[in-house]
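This is my_file.txt. It holds compact mmCIF, N, CA and C atoms.
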# COMPACT_ATOMS: atom_id res chain seq x y z
N MET A 5 -12.37 -46.49 18.37
CA MET A 5 -11.76 -46.34 19.66
C MET A 5 -10.27 -45.98 19.52
N ARG A 6 -9.61 -46.64 18.57
CA ARG A 6 -8.19 -46.35 18.38
C ARG A 6 -7.98 -44.90 17.95
N PHE A 7 -8.92 -44.37 17.21
CA PHE A 7 -8.82 -43.00 16.74
C PHE A 7 -8.81 -42.04 17.93
N ILE A 8 -9.68 -42.25 18.87
CA ILE A 8 -9.76 -41.40 20.06
C ILE A 8 -8.49 -41.54 20.89
N GLU A 9 -7.99 -42.77 21.03
CA GLU A 9 -6.74 -42.98 21.77
C GLU A 9 -5.58 -42.26 21.09
N ALA A 10 -5.56 -42.28 19.77
CA ALA A 10 -4.50 -41.61 19.01
C ALA A 10 -4.56 -40.10 19.24
N ILE A 11 -5.77 -39.55 19.25
CA ILE A 11 -5.94 -38.11 19.48
C ILE A 11 -5.46 -37.74 20.88
N PHE A 12 -5.85 -38.54 21.89
CA PHE A 12 -5.43 -38.25 23.27
C PHE A 12 -3.91 -38.37 23.44
N SER A 13 -3.32 -39.37 22.81
CA SER A 13 -1.87 -39.53 22.95
C SER A 13 -1.14 -38.39 22.22
N ALA A 14 -1.66 -37.98 21.08
CA ALA A 14 -1.06 -36.83 20.37
C ALA A 14 -1.22 -35.56 21.20
N GLY A 15 -2.37 -35.41 21.82
CA GLY A 15 -2.61 -34.25 22.69
C GLY A 15 -1.65 -34.24 23.88
N ALA A 16 -1.41 -35.41 24.44
CA ALA A 16 -0.48 -35.51 25.57
C ALA A 16 0.93 -35.14 25.14
N ILE A 17 1.31 -35.55 23.94
CA ILE A 17 2.65 -35.21 23.42
C ILE A 17 2.75 -33.69 23.22
N VAL A 18 1.72 -33.08 22.66
CA VAL A 18 1.71 -31.63 22.43
C VAL A 18 1.80 -30.88 23.77
N ILE A 19 1.04 -31.32 24.75
CA ILE A 19 1.07 -30.67 26.07
C ILE A 19 2.46 -30.79 26.69
N LYS A 20 3.05 -31.97 26.56
CA LYS A 20 4.40 -32.17 27.11
C LYS A 20 5.40 -31.26 26.39
N ALA A 21 5.26 -31.14 25.07
CA ALA A 21 6.16 -30.27 24.29
C ALA A 21 5.99 -28.81 24.72
N ILE A 22 4.76 -28.38 24.93
CA ILE A 22 4.50 -27.00 25.37
C ILE A 22 5.12 -26.75 26.74
N ARG A 23 4.97 -27.70 27.65
CA ARG A 23 5.57 -27.55 28.99
C ARG A 23 7.10 -27.48 28.90
N THR A 24 7.67 -28.30 28.02
CA THR A 24 9.13 -28.30 27.85
C THR A 24 9.60 -26.95 27.30
N VAL A 25 8.91 -26.46 26.28
CA VAL A 25 9.27 -25.15 25.71
C VAL A 25 9.11 -24.06 26.76
N ASN A 26 8.07 -24.12 27.54
CA ASN A 26 7.84 -23.15 28.61
C ASN A 26 8.99 -23.17 29.61
N GLN A 27 9.42 -24.35 30.01
CA GLN A 27 10.53 -24.47 30.97
C GLN A 27 11.83 -23.94 30.39
N ILE A 28 12.07 -24.26 29.11
CA ILE A 28 13.28 -23.77 28.44
C ILE A 28 13.25 -22.25 28.38
N THR A 29 12.10 -21.69 28.04
CA THR A 29 11.95 -20.23 27.97
C THR A 29 12.23 -19.59 29.32
N LYS A 30 11.68 -20.16 30.38
CA LYS A 30 11.93 -19.63 31.73
C LYS A 30 13.42 -19.67 32.07
N THR A 31 14.08 -20.78 31.74
CA THR A 31 15.50 -20.94 32.04
C THR A 31 16.33 -19.92 31.27
N VAL A 32 16.05 -19.77 29.99
CA VAL A 32 16.78 -18.80 29.17
C VAL A 32 16.53 -17.38 29.67
N HIS A 33 15.28 -17.10 30.01
CA HIS A 33 14.94 -15.77 30.53
C HIS A 33 15.72 -15.47 31.80
N GLN A 34 15.76 -16.39 32.73
CA GLN A 34 16.48 -16.19 33.99
C GLN A 34 17.97 -16.02 33.75
N ALA A 35 18.54 -16.84 32.86
CA ALA A 35 19.97 -16.74 32.56
C ALA A 35 20.28 -15.38 31.93
N THR A 36 19.44 -14.94 31.01
CA THR A 36 19.63 -13.64 30.36
C THR A 36 19.52 -12.52 31.38
N LYS A 37 18.53 -12.62 32.24
CA LYS A 37 18.33 -11.60 33.27
C LYS A 37 19.55 -11.51 34.19
N ASN A 38 20.06 -12.65 34.60
CA ASN A 38 21.25 -12.68 35.46
C ASN A 38 22.46 -12.07 34.75
N HIS A 39 22.62 -12.41 33.48
CA HIS A 39 23.75 -11.89 32.71
C HIS A 39 23.64 -10.36 32.56
N ILE A 40 22.47 -9.89 32.23
CA ILE A 40 22.27 -8.44 32.07
C ILE A 40 22.52 -7.73 33.39
N ASN A 41 22.02 -8.29 34.49
CA ASN A 41 22.25 -7.67 35.80
C ASN A 41 23.73 -7.59 36.13
N SER A 42 24.48 -8.63 35.79
CA SER A 42 25.91 -8.59 36.09
C SER A 42 26.62 -7.53 35.24
N ILE A 43 26.21 -7.39 33.98
CA ILE A 43 26.79 -6.35 33.12
C ILE A 43 26.45 -4.97 33.66
N VAL A 44 25.21 -4.77 34.04
CA VAL A 44 24.78 -3.48 34.59
C VAL A 44 25.56 -3.16 35.87
N ASP A 45 25.73 -4.16 36.73
CA ASP A 45 26.49 -3.96 37.96
C ASP A 45 27.92 -3.53 37.66
N GLU A 46 28.56 -4.22 36.70
CA GLU A 46 29.93 -3.87 36.32
C GLU A 46 30.01 -2.45 35.81
N ARG A 47 29.10 -2.08 34.92
CA ARG A 47 29.12 -0.73 34.34
C ARG A 47 28.83 0.32 35.41
N PHE A 48 27.92 0.01 36.31
CA PHE A 48 27.62 0.95 37.39
C PHE A 48 28.87 1.18 38.23
N GLN A 49 29.56 0.10 38.56
CA GLN A 49 30.77 0.24 39.37
C GLN A 49 31.84 1.03 38.62
N GLU A 50 31.99 0.79 37.31
CA GLU A 50 32.95 1.55 36.52
C GLU A 50 32.60 3.04 36.52
N ARG A 51 31.34 3.36 36.29
CA ARG A 51 30.92 4.77 36.28
C ARG A 51 31.09 5.40 37.64
N PHE A 52 30.80 4.62 38.68
CA PHE A 52 30.95 5.14 40.03
C PHE A 52 32.42 5.50 40.28
N LYS A 53 33.34 4.63 39.85
CA LYS A 53 34.77 4.92 40.00
C LYS A 53 35.16 6.14 39.19
N GLU A 54 34.64 6.26 37.95
CA GLU A 54 34.94 7.42 37.12
C GLU A 54 34.47 8.70 37.79
N ASN A 55 33.28 8.67 38.34
CA ASN A 55 32.72 9.85 39.00
C ASN A 55 33.51 10.22 40.25
N GLN A 56 34.09 9.24 40.90
CA GLN A 56 34.88 9.52 42.09
C GLN A 56 36.16 10.25 41.74
N THR A 57 36.73 9.94 40.57
CA THR A 57 37.99 10.57 40.18
C THR A 57 37.78 11.86 39.41
N THR A 58 36.58 12.10 38.90
CA THR A 58 36.30 13.30 38.14
C THR A 58 36.08 14.48 39.09
N PRO A 59 36.81 15.57 38.87
CA PRO A 59 36.60 16.72 39.74
C PRO A 59 35.22 17.32 39.53
N SER A 60 34.69 17.94 40.55
CA SER A 60 33.37 18.55 40.41
C SER A 60 33.47 19.76 39.49
N PRO A 61 32.43 20.02 38.71
CA PRO A 61 32.48 21.13 37.75
C PRO A 61 32.52 22.47 38.47
N THR A 62 33.21 23.39 37.84
CA THR A 62 33.29 24.74 38.39
C THR A 62 32.05 25.51 37.98
N PRO A 63 31.75 26.61 38.68
CA PRO A 63 30.59 27.42 38.28
C PRO A 63 30.69 27.91 36.84
N VAL A 64 31.91 28.19 36.38
CA VAL A 64 32.09 28.66 35.00
C VAL A 64 31.67 27.58 34.02
N THR A 65 32.14 26.33 34.24
CA THR A 65 31.79 25.26 33.31
C THR A 65 30.30 24.95 33.37
N VAL A 66 29.71 25.06 34.54
CA VAL A 66 28.27 24.82 34.67
C VAL A 66 27.49 25.87 33.88
N ASN A 67 27.89 27.13 34.00
CA ASN A 67 27.21 28.20 33.24
C ASN A 67 27.35 27.99 31.75
N ILE A 68 28.52 27.59 31.31
CA ILE A 68 28.72 27.35 29.88
C ILE A 68 27.86 26.17 29.42
N GLN A 69 27.78 25.13 30.24
CA GLN A 69 26.93 23.98 29.88
C GLN A 69 25.47 24.41 29.77
N ILE A 70 25.02 25.26 30.66
CA ILE A 70 23.64 25.76 30.60
C ILE A 70 23.42 26.54 29.32
N ASP A 71 24.40 27.39 28.97
CA ASP A 71 24.30 28.16 27.72
C ASP A 71 24.21 27.22 26.52
N ILE A 72 25.04 26.19 26.51
CA ILE A 72 25.02 25.23 25.39
C ILE A 72 23.67 24.54 25.30
N LYS A 73 23.11 24.15 26.45
CA LYS A 73 21.79 23.50 26.44
C LYS A 73 20.72 24.44 25.90
N ASN A 74 20.77 25.71 26.30
CA ASN A 74 19.80 26.68 25.80
C ASN A 74 19.93 26.88 24.30
N ILE A 75 21.17 26.95 23.82
CA ILE A 75 21.39 27.07 22.38
C ILE A 75 20.85 25.84 21.66
N ASP A 76 21.11 24.66 22.21
CA ASP A 76 20.60 23.42 21.62
C ASP A 76 19.08 23.41 21.55
N LEU A 77 18.43 23.93 22.60
CA LEU A 77 16.97 23.98 22.60
C LEU A 77 16.45 24.87 21.48
N GLU A 78 17.06 26.05 21.33
CA GLU A 78 16.64 26.95 20.25
C GLU A 78 16.86 26.30 18.88
N GLU A 79 18.03 25.67 18.73
CA GLU A 79 18.35 24.98 17.48
C GLU A 79 17.32 23.89 17.18
N THR A 80 16.99 23.13 18.20
CA THR A 80 16.03 22.04 18.05
C THR A 80 14.67 22.57 17.62
N GLU A 81 14.25 23.66 18.21
CA GLU A 81 12.96 24.25 17.83
C GLU A 81 12.96 24.65 16.36
N LEU A 82 14.04 25.26 15.91
CA LEU A 82 14.10 25.65 14.49
C LEU A 82 14.14 24.42 13.58
N GLU A 83 14.85 23.38 14.00
CA GLU A 83 14.89 22.15 13.19
C GLU A 83 13.52 21.49 13.14
N LYS A 84 12.80 21.52 14.26
CA LYS A 84 11.43 20.97 14.27
C LYS A 84 10.53 21.74 13.33
N LYS A 85 10.70 23.08 13.34
CA LYS A 85 9.90 23.93 12.46
C LYS A 85 10.20 23.60 11.00
N ARG A 86 11.49 23.38 10.71
CA ARG A 86 11.88 23.03 9.34
C ARG A 86 11.26 21.69 8.94
N ALA A 87 11.29 20.73 9.84
CA ALA A 87 10.72 19.42 9.55
C ALA A 87 9.20 19.51 9.37
N ARG A 88 8.56 20.34 10.20
CA ARG A 88 7.11 20.47 10.13
C ARG A 88 6.66 21.22 8.88
N ASP A 89 7.32 22.37 8.61
CA ASP A 89 6.89 23.23 7.51
C ASP A 89 7.59 22.92 6.19
N GLY A 90 8.71 22.22 6.27
CA GLY A 90 9.44 21.90 5.06
C GLY A 90 10.50 22.92 4.69
N LEU A 91 10.47 24.09 5.32
CA LEU A 91 11.47 25.12 5.04
C LEU A 91 11.51 26.13 6.17
N LEU A 92 12.53 26.99 6.12
CA LEU A 92 12.66 28.07 7.10
C LEU A 92 12.79 29.39 6.35
N LYS A 93 12.37 30.47 6.99
CA LYS A 93 12.56 31.80 6.42
C LYS A 93 14.04 32.14 6.46
N ARG A 94 14.43 33.14 5.69
CA ARG A 94 15.85 33.54 5.67
C ARG A 94 16.33 33.95 7.05
N THR A 95 15.50 34.69 7.78
CA THR A 95 15.91 35.13 9.12
C THR A 95 16.10 33.94 10.04
N GLU A 96 15.24 32.93 9.87
CA GLU A 96 15.35 31.73 10.69
C GLU A 96 16.60 30.92 10.32
N LEU A 97 16.92 30.88 9.02
CA LEU A 97 18.13 30.19 8.59
C LEU A 97 19.37 30.89 9.15
N LYS A 98 19.36 32.23 9.12
CA LYS A 98 20.48 32.98 9.69
C LYS A 98 20.60 32.71 11.18
N LYS A 99 19.47 32.70 11.87
CA LYS A 99 19.46 32.42 13.30
C LYS A 99 20.02 31.03 13.58
N LEU A 100 19.65 30.06 12.76
CA LEU A 100 20.14 28.69 12.92
C LEU A 100 21.66 28.64 12.75
N GLN A 101 22.18 29.34 11.74
CA GLN A 101 23.63 29.38 11.53
C GLN A 101 24.33 30.07 12.71
N GLU A 102 23.75 31.15 13.20
CA GLU A 102 24.33 31.85 14.35
C GLU A 102 24.36 30.94 15.58
N LEU A 103 23.27 30.19 15.78
CA LEU A 103 23.21 29.29 16.93
C LEU A 103 24.28 28.21 16.85
N LYS A 104 24.49 27.68 15.64
CA LYS A 104 25.52 26.65 15.47
C LYS A 104 26.90 27.23 15.78
N LYS A 105 27.15 28.44 15.32
CA LYS A 105 28.43 29.09 15.60
C LYS A 105 28.58 29.36 17.10
N GLN A 106 27.51 29.83 17.73
CA GLN A 106 27.55 30.10 19.18
C GLN A 106 27.83 28.81 19.95
N ARG A 107 27.19 27.74 19.53
CA ARG A 107 27.39 26.46 20.21
C ARG A 107 28.85 26.01 20.10
N GLU A 108 29.43 26.16 18.90
CA GLU A 108 30.84 25.79 18.72
C GLU A 108 31.73 26.64 19.61
N ASP A 109 31.47 27.95 19.65
CA ASP A 109 32.26 28.85 20.50
C ASP A 109 32.13 28.48 21.97
N LYS A 110 30.91 28.23 22.41
CA LYS A 110 30.68 27.87 23.81
C LYS A 110 31.35 26.55 24.14
N PHE A 111 31.34 25.61 23.20
CA PHE A 111 31.98 24.33 23.44
C PHE A 111 33.49 24.51 23.62
N GLU A 112 34.08 25.36 22.78
CA GLU A 112 35.51 25.65 22.93
C GLU A 112 35.79 26.30 24.29
N GLN A 113 34.93 27.24 24.69
CA GLN A 113 35.07 27.87 26.00
C GLN A 113 34.99 26.82 27.11
N TRP A 114 34.05 25.92 26.96
CA TRP A 114 33.88 24.88 27.98
C TRP A 114 35.12 23.99 28.07
N GLN A 115 35.68 23.63 26.90
CA GLN A 115 36.88 22.80 26.92
C GLN A 115 38.04 23.53 27.59
N LYS A 116 38.20 24.82 27.29
CA LYS A 116 39.28 25.58 27.92
C LYS A 116 39.08 25.70 29.42
N ALA A 117 37.84 25.99 29.83
CA ALA A 117 37.55 26.13 31.27
C ALA A 117 37.73 24.80 31.98
N LYS A 118 37.42 23.73 31.31
CA LYS A 118 37.53 22.39 31.91
C LYS A 118 39.00 22.03 32.14
N THR A 119 39.88 22.42 31.25
CA THR A 119 41.30 22.07 31.40
C THR A 119 42.01 22.94 32.43
N GLN A 120 41.45 24.09 32.75
CA GLN A 120 42.10 25.00 33.71
C GLN A 120 41.89 24.57 35.13

What is this structure when it is put down as structure tokens?
Amino acid sequence: MRFIEAIFSAGAIVIKAIRTVNQITKTVHQATKNHINSIVDERFQERFKENQTTPSPTPVTVNIQIDIKNIDLEETELEKKRARDGLLKRTELKKLQELKKQREDKFEQWQKAKTQ
């Protein structure tokens, strides 16, 4: 009989421990969630203020940004091909170098247009 009582009392202790751990987990989760939400709110407000003071882009800078994105897409495709096949043809390597140079030139253009 004592053996069964010992098992039940041990089981009760385990159940109580599980409930305690569960409650602690819930509390930590809620505190973490609240903390993350406050950080996100702060960063959102900071970005919102930054966007309010940032002038809207000009059509020239928008066009340059589009060109840079297109160059990046072509570059990415060639890099994917290199990763997939293990190498690139000479013409593809030349194209990749040209794209990198074009991207650098476009970036300089964008910086100049942005400051004007």

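Computed from the coordinates, the atom CA of Leu82 of chain A to atom N of Ile68 of chain A distance equals 22.2 Å.
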
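If you measure from each of A:Lys93, A:Arg88, A:Thr119, A:Asp71 to Gln106 of chain A using only C-alpha atoms, the closest one turns out to be A:Asp71.
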
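Take atom CA of Thr65 of chain A and atom C of Lys116 of chain A: the distance between them is 8.3 Å.
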
Work out how far apart atom C of Val44 of chain A and atom N of Ile70 of chain A are and give it in Å to one decimal. 28.9 Å

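Using all atoms listed in the file, the shortest contact distance between Thr62 of chain A and any of A:Lys37, A:Ala117, A:Lys99, A:Arg6 is found at A:Ala117.
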
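Shortest separation to Glu78 of chain A among A:Gln27, A:Leu100, A:Thr36, A:Lys105 occurs at residue A:Leu100, atoms counted being only N, CA and C atoms.
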